[in-house]
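Next comes target38.cif, with mmCIF, C-alpha atoms.
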data_query
#
loop_
_atom_site.label_atom_id
_atom_site.label_comp_id
_atom_site.auth_asym_id
_atom_site.auth_seq_id
_atom_site.Cartn_x
_atom_site.Cartn_y
_atom_site.Cartn_z
CA MET A 1 105.53 82.39 119.43
CA ALA A 2 105.10 79.11 117.64
CA GLN A 3 107.66 76.35 118.09
CA TYR A 4 109.14 74.65 115.06
CA ASP A 5 109.19 70.87 115.09
CA THR A 6 111.84 69.69 112.67
CA SER A 7 111.52 65.99 113.51
CA GLU A 8 110.83 63.46 110.79
CA SER A 9 107.48 62.69 112.39
CA VAL A 10 106.11 65.96 111.02
CA ARG A 11 104.43 65.24 107.72
CA ASP A 12 105.53 67.25 104.68
CA SER A 13 102.00 68.56 104.18
CA ASP A 14 102.10 70.01 107.72
CA GLU A 15 105.03 72.21 106.68
CA PHE A 16 102.74 73.80 104.12
CA ILE A 17 99.53 73.93 106.17
CA LYS A 18 101.00 75.44 109.37
CA GLY A 19 101.78 78.78 107.70
CA LEU A 20 98.25 79.22 106.42
CA TRP A 21 96.52 79.39 109.80
CA ARG A 22 98.18 77.87 112.92
CA GLU A 23 101.43 79.83 112.49
CA ASN A 24 100.17 82.53 110.13
CA PRO A 25 103.04 85.05 109.79
CA VAL A 26 100.79 88.10 110.20
CA PHE A 27 97.87 87.05 112.40
CA VAL A 28 99.85 84.76 114.76
CA GLN A 29 103.56 85.62 114.51
CA VAL A 30 102.93 89.34 113.76
CA LEU A 31 105.93 89.49 111.40
CA GLY A 32 106.63 91.80 108.44
CA MET A 33 104.31 94.54 109.70
CA CYS A 34 105.93 97.30 107.61
CA PRO A 35 104.58 96.16 104.20
CA VAL A 36 101.41 94.79 105.83
CA LEU A 37 100.41 98.26 107.02
CA ALA A 38 101.91 100.32 104.22
CA VAL A 39 100.78 98.68 100.99
CA SER A 40 97.49 97.11 101.99
CA ASN A 41 95.50 100.23 101.03
CA THR A 42 94.05 98.40 98.01
CA ALA A 43 93.44 94.71 97.33
CA ARG A 44 95.55 94.86 94.14
CA ASN A 45 98.60 96.31 95.92
CA ALA A 46 98.19 93.83 98.78
CA LEU A 47 97.99 90.86 96.42
CA ALA A 48 101.01 92.05 94.42
CA MET A 49 103.12 92.56 97.57
CA GLY A 50 101.95 89.18 98.91
CA LEU A 51 102.93 87.39 95.69
CA ALA A 52 106.30 89.18 95.56
CA THR A 53 107.04 88.12 99.16
CA LEU A 54 105.84 84.56 98.40
CA PHE A 55 108.27 84.30 95.46
CA VAL A 56 111.22 85.63 97.49
CA LEU A 57 110.37 83.36 100.43
CA VAL A 58 110.12 80.17 98.36
CA MET A 59 113.23 80.86 96.26
CA SER A 60 115.42 82.00 99.17
CA ASN A 61 114.29 79.02 101.29
CA ALA A 62 115.16 76.64 98.43
CA VAL A 63 118.61 78.15 97.76
CA ILE A 64 119.53 78.51 101.44
CA SER A 65 118.52 74.91 102.11
CA LEU A 66 120.56 73.78 99.10
CA LEU A 67 123.65 75.65 100.38
CA ARG A 68 123.24 74.76 104.06
CA SER A 69 126.20 72.36 104.23
CA PHE A 70 128.39 74.66 102.09
CA VAL A 71 127.99 77.84 104.18
CA PRO A 72 129.94 78.01 107.51
CA ARG A 73 127.97 79.13 110.57
CA GLN A 74 129.99 82.33 111.01
CA VAL A 75 128.94 83.81 107.65
CA ARG A 76 125.45 82.34 107.37
CA ILE A 77 123.48 85.55 108.06
CA ALA A 78 125.51 87.56 105.52
CA THR A 79 124.97 84.81 102.96
CA PHE A 80 121.23 84.64 103.67
CA ILE A 81 120.89 88.40 103.19
CA LEU A 82 122.82 88.16 99.91
CA VAL A 83 120.50 85.44 98.60
CA ILE A 84 117.34 87.27 99.76
CA ALA A 85 118.52 90.59 98.27
CA THR A 86 119.17 88.84 94.94
CA PHE A 87 115.62 87.51 94.70
CA VAL A 88 114.18 90.88 95.79
CA THR A 89 116.14 92.56 92.97
CA ILE A 90 114.78 89.98 90.53
CA VAL A 91 111.21 90.65 91.74
CA ASP A 92 111.81 94.41 91.41
CA TYR A 93 112.85 94.04 87.74
CA ALA A 94 110.02 91.60 87.07
CA ILE A 95 107.35 93.97 88.45
CA GLN A 96 108.78 96.85 86.39
CA ALA A 97 108.55 94.64 83.33
CA ILE A 98 104.97 93.54 84.12
CA SER A 99 103.46 96.91 85.12
CA LEU A 100 105.07 100.29 85.79
CA ASP A 101 101.87 101.48 87.51
CA LEU A 102 102.05 98.59 89.96
CA HIS A 103 105.74 99.29 90.58
CA LYS A 104 104.86 102.94 91.24
CA ALA A 105 102.12 101.93 93.69
CA LEU A 106 104.35 99.55 95.68
CA GLY A 107 107.21 102.06 95.69
CA ALA A 108 110.08 101.48 98.09
CA PHE A 109 108.34 98.56 99.77
CA ILE A 110 109.55 96.14 97.11
CA SER A 111 113.18 96.84 98.07
CA LEU A 112 112.24 96.63 101.73
CA ILE A 113 111.28 92.93 101.32
CA VAL A 114 115.03 92.35 101.93
CA VAL A 115 114.59 93.35 105.57
CA ASN A 116 111.27 91.57 106.07
CA CYS A 117 111.95 89.58 109.24
CA LEU A 118 109.62 86.81 108.06
CA ILE A 119 112.00 85.85 105.23
CA LEU A 120 115.22 85.97 107.25
CA GLY A 121 113.39 84.23 110.11
CA ARG A 122 112.34 81.29 107.92
CA ALA A 123 115.84 81.07 106.42
CA GLU A 124 117.49 80.88 109.85
CA ALA A 125 114.86 78.85 111.72
CA PHE A 126 113.87 76.42 109.00
CA ALA A 127 115.61 76.41 105.60
CA SER A 128 119.15 76.24 107.04
CA ARG A 129 118.21 73.06 108.99
CA ASN A 130 115.90 71.18 106.62
CA THR A 131 115.83 69.54 103.20
CA VAL A 132 115.10 71.50 100.03
CA GLY A 133 111.65 69.94 99.59
CA ARG A 134 110.49 70.73 103.12
CA SER A 135 111.96 74.24 102.91
CA ILE A 136 110.05 74.93 99.70
CA LEU A 137 106.83 73.68 101.33
CA ASP A 138 107.50 75.83 104.40
CA GLY A 139 108.15 78.89 102.20
CA LEU A 140 105.00 78.19 100.17
CA GLY A 141 102.84 77.84 103.29
CA MET A 142 104.22 80.94 105.00
CA GLY A 143 104.08 82.92 101.74
CA VAL A 144 100.48 81.95 101.00
CA GLY A 145 99.57 82.73 104.65
CA PHE A 146 101.24 86.16 104.34
CA CYS A 147 99.50 86.79 101.02
CA PHE A 148 96.12 85.76 102.51
CA ALA A 149 96.59 88.12 105.47
CA LEU A 150 97.59 91.03 103.23
CA LEU A 151 94.59 90.37 101.00
CA CYS A 152 92.27 90.33 104.05
CA LEU A 153 93.57 93.77 105.05
CA GLY A 154 93.64 95.16 101.52
CA ALA A 155 90.08 94.04 100.73
CA VAL A 156 88.57 95.61 103.87
CA ARG A 157 90.54 98.85 103.46
CA GLU A 158 89.65 99.23 99.78
CA ILE A 159 85.96 98.39 100.28
CA LEU A 160 85.54 100.91 103.12
CA GLY A 161 88.11 103.47 101.97
CA SER A 162 87.30 103.59 98.25
CA GLY A 163 83.99 101.73 97.93
CA SER A 164 85.51 99.24 95.49
CA LEU A 165 87.28 95.88 95.34
CA PHE A 166 90.12 95.34 92.82
CA GLY A 167 89.02 98.67 91.33
CA ILE A 168 85.42 97.48 90.72
CA PRO A 169 82.89 99.88 92.36
CA LEU A 170 80.65 98.09 94.90
CA PHE A 171 78.30 100.81 96.11
CA HIS A 172 75.93 103.36 94.58
CA GLU A 173 77.15 106.91 93.93
CA GLY A 174 75.92 108.23 97.30
CA PHE A 175 78.49 106.15 99.21
CA GLN A 176 80.90 108.33 101.18
CA PRO A 177 84.30 106.56 101.36
CA TRP A 178 85.97 106.34 104.77
CA VAL A 179 89.18 108.06 103.71
CA VAL A 180 90.85 107.16 107.01
CA MET A 181 90.86 103.49 105.96
CA ILE A 182 93.33 104.06 103.12
CA LEU A 183 95.56 106.24 105.31
CA PRO A 184 98.23 104.62 107.54
CA SER A 185 95.93 104.79 110.59
CA GLY A 186 93.35 102.72 108.69
CA GLY A 187 95.98 99.98 108.39
CA PHE A 188 96.27 99.80 112.18
CA PHE A 189 92.46 99.79 112.65
CA THR A 190 91.99 96.99 110.14
CA LEU A 191 94.89 94.93 111.52
CA ALA A 192 93.48 95.29 115.03
CA GLY A 193 90.06 94.11 113.79
CA TRP A 194 91.52 91.06 112.06
CA LEU A 195 93.74 90.17 115.05
CA LEU A 196 90.69 90.38 117.30
CA LEU A 197 88.70 88.09 115.04
CA PHE A 198 91.61 85.66 114.58
CA ASN A 199 92.30 85.38 118.32
CA ARG A 200 88.59 84.94 119.08
CA LEU A 201 88.39 82.06 116.58
CA GLU A 202 91.57 80.49 118.02
CA GLN A 203 90.22 80.79 121.58
CA ARG A 204 86.97 79.08 120.62
CA ARG A 205 88.93 76.35 118.82
CA SER A 206 91.20 75.72 121.82
CA VAL A 207 88.17 75.48 124.13
CA SER A 208 86.15 73.20 121.88
CA ALA A 209 89.03 70.82 120.91
CA PRO A 210 89.56 69.26 124.43
CA ALA A 211 85.79 69.07 124.94
CA ALA A 212 85.42 67.13 121.71
CA ALA A 213 88.28 64.77 122.71
CA GLU A 214 86.59 64.14 126.07
CA ALA A 215 83.28 63.40 124.40
CA LEU A 216 84.98 60.80 122.18
CA GLN A 217 86.45 59.00 125.22
CA MET B 1 156.46 85.89 135.28
CA SER B 2 154.44 82.72 135.67
CA GLN B 3 152.39 81.35 132.82
CA GLY B 4 148.90 79.95 133.46
CA PRO B 5 147.50 76.88 131.71
CA SER B 6 147.00 77.59 128.01
CA VAL B 7 143.41 77.45 126.74
CA ALA B 8 143.02 76.18 123.18
CA VAL B 9 140.79 78.59 121.28
CA GLU B 10 139.38 77.07 118.13
CA THR B 11 139.79 79.56 115.30
CA PRO B 12 137.32 79.14 112.50
CA ALA B 13 138.79 78.05 109.17
CA VAL B 14 138.98 81.06 106.88
CA TRP B 15 138.97 79.31 103.51
CA PRO B 16 135.44 77.82 103.79
CA MET B 17 134.14 81.29 104.72
CA TYR B 18 135.83 82.92 101.71
CA ARG B 19 134.64 80.10 99.49
CA ALA B 20 131.03 80.46 100.67
CA MET B 21 130.88 84.26 100.46
CA VAL B 22 132.64 84.56 97.10
CA GLY B 23 130.78 81.58 95.66
CA VAL B 24 127.35 82.80 96.73
CA GLY B 25 128.24 86.38 95.73
CA LEU B 26 129.24 85.25 92.23
CA LEU B 27 126.11 83.15 91.84
CA CYS B 28 123.89 86.05 92.95
CA GLY B 29 125.75 88.50 90.69
CA VAL B 30 125.27 86.29 87.64
CA LEU B 31 121.56 85.86 88.46
CA ILE B 32 120.98 89.61 88.85
CA VAL B 33 122.86 90.48 85.65
CA GLY B 34 120.96 87.78 83.75
CA VAL B 35 117.54 89.04 84.90
CA PHE B 36 118.57 92.68 84.32
CA GLN B 37 119.59 91.92 80.73
CA LEU B 38 116.39 89.95 80.18
CA THR B 39 114.02 92.62 81.52
CA LYS B 40 115.91 95.76 80.37
CA PRO B 41 114.30 96.02 76.89
CA VAL B 42 110.82 95.29 78.30
CA ILE B 43 111.18 97.95 81.03
CA ALA B 44 112.51 100.50 78.53
CA ARG B 45 109.56 99.75 76.23
CA ASN B 46 107.08 100.08 79.14
CA ARG B 47 108.58 103.47 80.10
CA ALA B 48 108.47 104.72 76.50
CA GLU B 49 104.85 103.56 76.13
CA ALA B 50 103.82 105.22 79.41
CA LEU B 51 105.44 108.49 78.28
CA GLN B 52 103.82 108.20 74.84
CA ARG B 53 100.39 107.68 76.43
CA ALA B 54 100.96 110.73 78.65
CA ILE B 55 101.97 112.87 75.63
CA PHE B 56 98.81 111.93 73.72
CA GLN B 57 96.69 112.61 76.81
CA VAL B 58 98.01 116.16 77.22
CA LEU B 59 98.01 116.80 73.46
CA PRO B 60 94.76 115.13 72.28
CA ASP B 61 95.20 116.29 68.65
CA ALA B 62 98.65 114.72 68.29
CA ARG B 63 99.08 111.45 66.40
CA SER B 64 102.88 111.16 66.64
CA SER B 65 105.62 112.74 68.71
CA GLY B 66 109.32 113.57 68.81
CA SER B 67 111.55 114.35 71.82
CA PHE B 68 113.85 117.39 71.91
CA ARG B 69 116.55 118.60 74.26
CA GLN B 70 117.95 122.12 74.43
CA THR B 71 121.64 122.43 73.58
CA ALA B 72 124.13 124.81 75.21
CA GLU B 73 123.60 127.22 72.30
CA GLY B 74 119.87 127.33 73.06
CA ARG B 75 118.82 125.28 70.03
CA PHE B 76 116.32 122.39 70.42
CA GLU B 77 117.67 119.16 68.94
CA LEU B 78 115.75 115.99 68.18
CA VAL B 79 117.00 113.15 70.39
CA ASP B 80 116.60 109.41 70.02
CA GLY B 81 115.15 107.94 73.23
CA VAL B 82 114.58 109.67 76.54
CA SER B 83 117.88 108.91 78.28
CA GLY B 84 120.49 111.61 78.82
CA ARG B 85 120.81 114.80 80.83
CA GLY B 86 118.35 117.68 81.03
CA PRO B 87 114.58 117.89 80.76
CA LEU B 88 112.90 117.03 77.47
CA VAL B 89 110.30 118.83 75.39
CA HIS B 90 108.09 116.56 73.28
CA GLY B 91 106.62 117.86 70.05
CA GLY B 92 103.17 116.54 69.08
CA TYR B 93 102.25 116.24 65.36
CA ASP B 94 98.98 115.60 63.53
CA ASP B 95 98.46 113.14 60.65
CA ALA B 96 99.93 115.64 58.17
CA GLY B 97 103.08 116.05 60.29
CA ARG B 98 102.19 119.58 61.44
CA LEU B 99 103.24 120.63 64.95
CA VAL B 100 100.05 120.87 67.07
CA GLY B 101 101.56 121.42 70.51
CA LEU B 102 104.35 120.65 72.93
CA ALA B 103 104.42 118.37 75.97
CA ILE B 104 106.79 119.76 78.61
CA GLU B 105 108.10 118.03 81.72
CA ALA B 106 108.09 119.92 85.05
CA GLU B 107 108.79 118.93 88.63
CA GLY B 108 108.58 120.36 92.13
CA MET B 109 108.30 119.44 95.79
CA GLY B 110 104.89 118.19 96.89
CA TYR B 111 103.68 117.26 100.37
CA GLN B 112 105.49 113.90 100.57
CA ASP B 113 108.10 113.96 97.81
CA VAL B 114 108.93 115.37 94.39
CA ILE B 115 105.99 115.45 91.96
CA ARG B 116 106.78 115.12 88.22
CA VAL B 117 104.21 116.22 85.67
CA LEU B 118 103.87 116.53 81.91
CA TYR B 119 101.79 119.44 80.61
CA GLY B 120 100.50 120.12 77.13
CA TYR B 121 101.18 123.56 75.65
CA ALA B 122 99.14 124.74 72.66
CA PHE B 123 101.12 127.68 71.23
CA ASP B 124 98.29 128.71 68.89
CA ARG B 125 95.97 129.21 71.90
CA ASP B 126 98.70 130.43 74.30
CA ALA B 127 97.38 127.95 76.85
CA ILE B 128 98.10 124.80 78.80
CA ILE B 129 95.53 122.28 77.55
CA GLY B 130 96.21 119.20 79.67
CA ILE B 131 98.29 117.82 82.49
CA ARG B 132 99.35 114.31 83.52
CA VAL B 133 101.14 113.35 86.74
CA LEU B 134 104.12 111.14 85.85
CA GLU B 135 105.42 110.55 89.37
CA SER B 136 103.89 111.29 92.76
CA ARG B 137 103.96 109.87 96.28
CA GLU B 138 101.24 112.13 97.65
CA THR B 139 98.93 110.88 100.44
CA PRO B 140 96.43 108.32 99.13
CA GLY B 141 92.90 109.69 99.31
CA LEU B 142 94.05 113.28 99.90
CA GLY B 143 97.10 114.57 98.01
CA ASP B 144 96.66 112.10 95.16
CA LYS B 145 93.46 113.94 94.20
CA ILE B 146 95.72 116.04 91.95
CA GLU B 147 95.48 113.08 89.56
CA THR B 148 91.75 112.40 89.86
CA ASP B 149 89.79 115.49 91.01
CA SER B 150 87.77 116.49 87.95
CA ALA B 151 87.19 120.09 89.14
CA PHE B 152 90.95 120.54 89.64
CA LEU B 153 91.80 118.98 86.27
CA GLN B 154 89.33 121.40 84.61
CA ASN B 155 91.85 124.17 85.42
CA PHE B 156 94.10 122.71 82.75
CA GLU B 157 91.59 122.48 79.94
CA ARG B 158 92.61 126.03 78.97
CA LEU B 159 95.01 127.66 81.44
CA ASP B 160 96.20 130.98 80.04
CA VAL B 161 99.99 131.27 79.63
CA SER B 162 100.11 134.14 77.10
CA LEU B 163 103.48 135.76 76.52
CA THR B 164 104.25 139.46 76.37
CA GLY B 165 104.46 141.07 72.94
CA ASP B 166 108.24 140.58 72.66
CA LEU B 167 107.89 136.88 73.76
CA ALA B 168 110.34 137.55 76.60
CA ALA B 169 108.10 136.67 79.56
CA ILE B 170 104.72 135.36 80.65
CA ALA B 171 102.13 138.14 80.59
CA ASN B 172 100.22 136.85 83.63
CA PRO B 173 102.14 134.40 85.82
CA ILE B 174 100.13 131.39 87.01
CA VAL B 175 98.53 132.03 90.40
CA PHE B 176 97.12 129.53 92.91
CA VAL B 177 93.80 130.44 94.54
CA LYS B 178 91.52 128.67 97.01
CA ARG B 179 88.64 126.62 95.59
CA GLY B 180 85.84 128.77 94.18
CA GLN B 181 87.92 131.97 94.03
CA LYS B 182 89.14 131.68 90.43
CA ASP B 183 88.39 134.89 88.49
CA HIS B 184 91.01 134.83 85.72
CA PRO B 185 92.05 132.18 83.17
CA TRP B 186 95.63 132.13 84.52
CA GLN B 187 94.52 131.19 88.04
CA ILE B 188 94.44 127.61 89.37
CA ASP B 189 91.59 126.62 91.68
CA GLY B 190 93.00 124.48 94.52
CA ILE B 191 91.65 121.31 96.10
CA THR B 192 90.19 121.44 99.62
CA GLY B 193 92.00 118.74 101.63
CA ALA B 194 94.92 118.67 99.22
CA THR B 195 95.97 122.31 99.37
CA ILE B 196 99.73 121.70 99.55
CA SER B 197 99.73 119.21 96.67
CA SER B 198 97.55 121.36 94.40
CA ALA B 199 99.57 124.50 95.28
CA ALA B 200 102.73 122.53 94.40
CA ILE B 201 101.33 121.84 90.92
CA ALA B 202 100.56 125.55 90.45
CA ASP B 203 104.04 126.48 91.68
CA MET B 204 105.90 124.07 89.40
CA LEU B 205 103.82 125.09 86.38
CA GLY B 206 104.42 128.76 87.20
CA ARG B 207 108.20 128.26 87.36
CA SER B 208 108.37 125.98 84.33
CA THR B 209 106.25 128.21 82.07
CA ALA B 210 108.12 131.38 83.11
CA ASP B 211 111.47 129.72 82.41
CA ARG B 212 110.76 127.56 79.38
CA LEU B 213 107.94 129.05 77.30
CA PRO B 214 109.78 132.25 76.23
CA ARG B 215 112.74 130.10 75.09
CA ILE B 216 110.51 127.59 73.33
CA ARG B 217 108.39 130.22 71.58
CA SER B 218 111.45 132.02 70.25
CA ARG B 219 112.73 128.75 68.74
CA LEU B 220 109.46 127.16 67.62
CA GLY B 221 110.99 126.48 64.22
CA ASP B 222 113.33 123.88 65.74
CA PHE B 223 110.33 121.62 66.40
CA GLN B 224 108.95 121.71 62.86
CA VAL B 225 111.55 119.30 61.50
CA ALA B 226 110.44 116.19 63.38
CA GLU B 227 108.33 114.41 60.77
#
Let's see the structure in the file written out as C-alpha cells.
Amino acid sequence: MAQYDTSESVRDSDEFIKGLWRENPVFVQVLGMCPVLAVSNTARNALAMGLATLFVLVMSNAVISLLRSFVPRQVRIATFILVIATFVTIVDYAIQAISLDLHKALGAFISLIVVNCLILGRAEAFASRNTVGRSILDGLGMGVGFCFALLCLGAVREILGSGSLFGIPLFHEGFQPWVVMILPSGGFFTLAGWLLLFNRLEQRRSVSAPAAAEALQ
Amino acid sequence: MSQGPSVAVETPAVWPMYRAMVGVGLLCGVLIVGVFQLTKPVIARNRAEALQRAIFQVLPDARSSGSFRQTAEGRFELVDGVSGRGPLVHGGYDDAGRLVGLAIEAEGMGYQDVIRVLYGYAFDRDAIIGIRVLESRETPGLGDKIETDSAFLQNFERLDVSLTGDLAAIANPIVFVKRGQKDHPWQIDGITGATISSAAIADMLGRSTADRLPRIRSRLGDFQVAE
C-alpha cells in the first residue's frame, strides 16, 4: 500500500499526479472494486460512474478539509459519512435530471458511492490532515485516476462484449460478441488483464530507474 | 476497604461533538433540500417525456395522449400527471382527437427483479400492437434481449387478445412457447438464452390482459372524452 507523505516538501502538483498512476486507486490500491466490476460493462457507464465518483471525492475532500478543526476526533467518521452521503445524493439527483436512461443503467451503484472505501479513505488519510487546496488536488488526482481505470475496463469490455465503443459499432456484421465480457465474470477477467499489464509496466520501471541513475553517475 | 490511586480519565467534551454533528447535519440537510428543489421539476419533466415517448412507440398512430385511472366504482377518470395510487391506462388520440388505442402498464417478476412494461392495445384489431420495457434489471447481454431482440419484438406487432362475445374474458389467453414453435397469433415465441425473462413478459401480459381488457372494453366510452 502506498504511503502518504504530508510534509511541506511534497509539491502541490504531486498531490494531483500521484493518483493518476503511482497510487492509482484501482490498479495500485485496488480500492472501490464494487462499482469497478459492476458498472464497467460499457464505456459510457464507466465514464459516468467515474465522473460521479470524481465529483463526490473532490467535494467531500474540500468540505472535510474545511471542517477539520471544527470536528472533534470522536465524531469524525460519522461526520465524514454525512458529508459524503450528501454529495452522493446530489449526484443522484443530478444524474436523474441529466439522463434517466443513464440513471437506470447505473442503478443502485450511484447510492453505493457512499460506501466506496476510496472516498472515506481519502477523507480520513488526507483531507482531514491537509489544507483545502491540497485536498482538492488529491481528490482530483485520485478521481481522475479512478475514472481512467474505469474507462480502461469499460472500453475493453464494450469492444469485446458488444463490438462497439460508446455505442458506435466497430466491427463488421459477422463479429460475434463475447457475451461473457459484459457479464460480471468479464469484469474480473478484464481487471486481471489490466492489473497484469500495470504491474509489468511498474516492474520494468523499477528495474530501469536505478540503472539509469547509475549510468548518470 | 482500601482505595487505590485514582486514575484521571479524560472525558471528551460533549458540546463540541454536538456542535459538529448538528452543524454539519444542518448544512447537509440544507444542501440536499436545495438540490432536490432545483432538480425536481427537471426530473418530473424527464419522466413525463420518457413515458410520452413510450406511449407513442407502442401506439404509432397516436399524436396526443391522456392518462386515466380506474375509480372504486369502476369508471376511468382522466388524471393530471402520473403520480398517485394504482396503475394508469393511457389513451392515444390521432390528429382529429379520435381514440386510436390504449397504452397499458403491466409488471411482473423477471430473472433479476421486477420488470415493468407498457403495451399498446388496439381495440379495433383486438390485438397488442407494441411493447416497451419501462424498467428492467435483467442480465446484460442475455435477459435484456427482451428489449432488443427483433424476432421477439415481432411477437407484439399483432398479438391476438380477442375477447369473448360478452366481453367478459379473453378468448385465447396468451401462451409462451419455445422459439420456433409459435402456431397461433396469441402465442409468444421465447428467446433462447433469455427464457425466464421472455416467459416473464408473456406471463405479465397474460395476467394484465385477462384482468384489465374486459374492464377497459366495457368502459371504452370513458376514454373518448380526453381531447
- Item | Residue hits in chain A, query chain B, radius 10 Å, all atoms listed in the file, as a PyMOL selection string | chain A and resi 41+63+67+70-76+78-80+82-101+104-105+107+161-162+177-184
- Task: For each of A:Leu20, A:Val114, A:Leu102, A:Ala46, take the minimum atom-to-atom distance to Met142 of chain A, counting all atoms listed in the file, then give the residue where this is smallest.
- Result: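 Checking each of A:Leu20, A:Val114, A:Leu102, A:Ala46 against Met142 of chain A, counting all atoms listed in the file, the winner is A:Leu20.
Selection result for the displayed file, with the PyMOL selection byres ((chain A and resi 138) around 10) as criterion, is Asp12, Ser13, Asp14, Glu15, Phe16, Ile17, Lys18, Gly19, Leu57, Val58, Asn61, Ala62, Arg122, Phe126, Ala127, Asn130, Val132, Gly133, Arg134, Ser135, Ile136, Leu137, Gly139, Leu140, Gly141, Met142, Gly143 and Val144 of chain A.
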- Task: Find the residues around segment 166-174 of chain A up to 9 Å (all atoms listed in the file counted), leave out those fewer than 6 positions away in its own chain, and share them as a ChimeraX atom specification.
- Result: /A:42-44,155,158-159
- Message: With distances taken over only C-alpha atoms, which residue among A:Ile119, A:Ala125, A:Phe148, A:Phe198 lies nearest Phe55 of chain A?
- Response: A:Ile119
Hey, what's within 12 Å of Asp222 of chain B if we count only C-alpha atoms and toss same-chain stuff fewer than 6 positions away? As a PDB file with C-alpha atoms, in the coordinates of the input, please?
ATOM      1  CA  GLY B  66     109.320 113.570  68.810  1.00  0.00           C
ATOM      2  CA  SER B  67     111.550 114.350  71.820  1.00  0.00           C
ATOM      3  CA  PHE B  68     113.850 117.390  71.910  1.00  0.00           C
ATOM      4  CA  ARG B  69     116.550 118.600  74.260  1.00  0.00           C
ATOM      5  CA  GLN B  70     117.950 122.120  74.430  1.00  0.00           C
ATOM      6  CA  THR B  71     121.640 122.430  73.580  1.00  0.00           C
ATOM      7  CA  GLY B  74     119.870 127.330  73.060  1.00  0.00           C
ATOM      8  CA  ARG B  75     118.820 125.280  70.030  1.00  0.00           C
ATOM      9  CA  PHE B  76     116.320 122.390  70.420  1.00  0.00           C
ATOM     10  CA  GLU B  77     117.670 119.160  68.940  1.00  0.00           C
ATOM     11  CA  LEU B  78     115.750 115.990  68.180  1.00  0.00           C
ATOM     12  CA  VAL B  89     110.300 118.830  75.390  1.00  0.00           C
ATOM     13  CA  HIS B  90     108.090 116.560  73.280  1.00  0.00           C
ATOM     14  CA  GLY B  91     106.620 117.860  70.050  1.00  0.00           C
ATOM     15  CA  LEU B  99     103.240 120.630  64.950  1.00  0.00           C
ATOM     16  CA  LEU B 102     104.350 120.650  72.930  1.00  0.00           C
ATOM     17  CA  ARG B 215     112.740 130.100  75.090  1.00  0.00           C
ATOM     18  CA  ILE B 216     110.510 127.590  73.330  1.00  0.00           C
TER      19      ILE B 216
END
- Could you tell me which of A:Ala123, A:Leu191, A:Val156, A:Cys117 comes closest to Leu31 of chain A if we count all atoms listed in the file?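 Selected residue with least distance to Leu31 of chain A: A:Cys117.
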- Item | Computed interatomic separation between atom CA of Leu106 of chain A and atom CA of Thr192 of chain B (Å) | 26.4 Å
With all atoms of segment 96-114 of chain B from the file as input, state the centre and edge lengths in Å to one decimal of the axis-aligned box that has 8 Å extra on each side, as lines of an AutoDock Vina configuration file.
center_x = 104.4
center_y = 117.7
center_z = 79.4
size_x = 25.0
size_y = 23.5
size_z = 58.4
- Name the residues in contact with segment 121-129 of chain B at a cut-off of 7 Å, using only C-alpha atoms, excluding same-chain residues fewer than 6 positions from it; report them as a list in words.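 Once the adjacent positions are removed, what remains is Val58, Val100, Gly101, Leu102, Ala103, Phe156, Glu157, Arg158, Leu159, Asp160, Val161 and Ser162 of chain B.
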Please evaluate the PyMOL selection byres ((chain B and resi 164) around 12) against the displayed coordinates and give the resulting residues as an mmCIF file with C-alpha atoms, in the frame of the given file.
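Written output follows (expr_5.cif):
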data_model
loop_
_atom_site.group_PDB
_atom_site.id
_atom_site.type_symbol
_atom_site.label_atom_id
_atom_site.label_comp_id
_atom_site.auth_asym_id
_atom_site.auth_seq_id
_atom_site.Cartn_x
_atom_site.Cartn_y
_atom_site.Cartn_z
ATOM 1 C CA ASP B 126 98.700 130.430 74.300
ATOM 2 C CA VAL B 161 99.990 131.270 79.630
ATOM 3 C CA SER B 162 100.110 134.140 77.100
ATOM 4 C CA LEU B 163 103.480 135.760 76.520
ATOM 5 C CA GLY B 165 104.460 141.070 72.940
ATOM 6 C CA ASP B 166 108.240 140.580 72.660
ATOM 7 C CA LEU B 167 107.890 136.880 73.760
ATOM 8 C CA ALA B 168 110.340 137.550 76.600
ATOM 9 C CA ALA B 169 108.100 136.670 79.560
ATOM 10 C CA ILE B 170 104.720 135.360 80.650
ATOM 11 C CA ALA B 171 102.130 138.140 80.590
ATOM 12 C CA ASN B 172 100.220 136.850 83.630
ATOM 13 C CA PRO B 173 102.140 134.400 85.820
ATOM 14 C CA ALA B 210 108.120 131.380 83.110
ATOM 15 C CA LEU B 213 107.940 129.050 77.300
ATOM 16 C CA PRO B 214 109.780 132.250 76.230
ATOM 17 C CA ARG B 217 108.390 130.220 71.580
#
- Check the smallest atom-to-atom distance from each of B:Ile174, B:Ile188, B:Leu153, B:Ala62 to Arg98 of chain B using only C-alpha atoms, then report the winner. B:Ala62
- Message: Just the number, please: distance in Å from atom CA of Val177 of chain B to atom CA of Ser208 of chain B, one decimal.
- Response: 18.3 Å
- Message: Running the PyMOL selection byres ((chain B and resi 114) around 10) on this model by hand, what would come out? Give it as a PyMOL selection string.
- Response: chain B and resi 107-113+115-117+135-138+200
Take the residues that were just selected and, keeping C-alpha atoms, output them as a PDB file, in the coordinates of the input.
ATOM      1  CA  GLU B 107     108.790 118.930  88.630  1.00  0.00           C
ATOM      2  CA  GLY B 108     108.580 120.360  92.130  1.00  0.00           C
ATOM      3  CA  MET B 109     108.300 119.440  95.790  1.00  0.00           C
ATOM      4  CA  GLY B 110     104.890 118.190  96.890  1.00  0.00           C
ATOM      5  CA  TYR B 111     103.680 117.260 100.370  1.00  0.00           C
ATOM      6  CA  GLN B 112     105.490 113.900 100.570  1.00  0.00           C
ATOM      7  CA  ASP B 113     108.100 113.960  97.810  1.00  0.00           C
ATOM      8  CA  ILE B 115     105.990 115.450  91.960  1.00  0.00           C
ATOM      9  CA  ARG B 116     106.780 115.120  88.220  1.00  0.00           C
ATOM     10  CA  VAL B 117     104.210 116.220  85.670  1.00  0.00           C
ATOM     11  CA  GLU B 135     105.420 110.550  89.370  1.00  0.00           C
ATOM     12  CA  SER B 136     103.890 111.290  92.760  1.00  0.00           C
ATOM     13  CA  ARG B 137     103.960 109.870  96.280  1.00  0.00           C
ATOM     14  CA  GLU B 138     101.240 112.130  97.650  1.00  0.00           C
ATOM     15  CA  ALA B 200     102.730 122.530  94.400  1.00  0.00           C
TER      16      ALA B 200
END
- Task: For atom CA of Phe176 of chain B and atom CA of Phe56 of chain B, determine how far apart the two atoms are, in Å to one decimal place.
- Result: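 Taking atom CA of Phe176 of chain B as the start and atom CA of Phe56 of chain B as the end point, the length is 26.1 Å.
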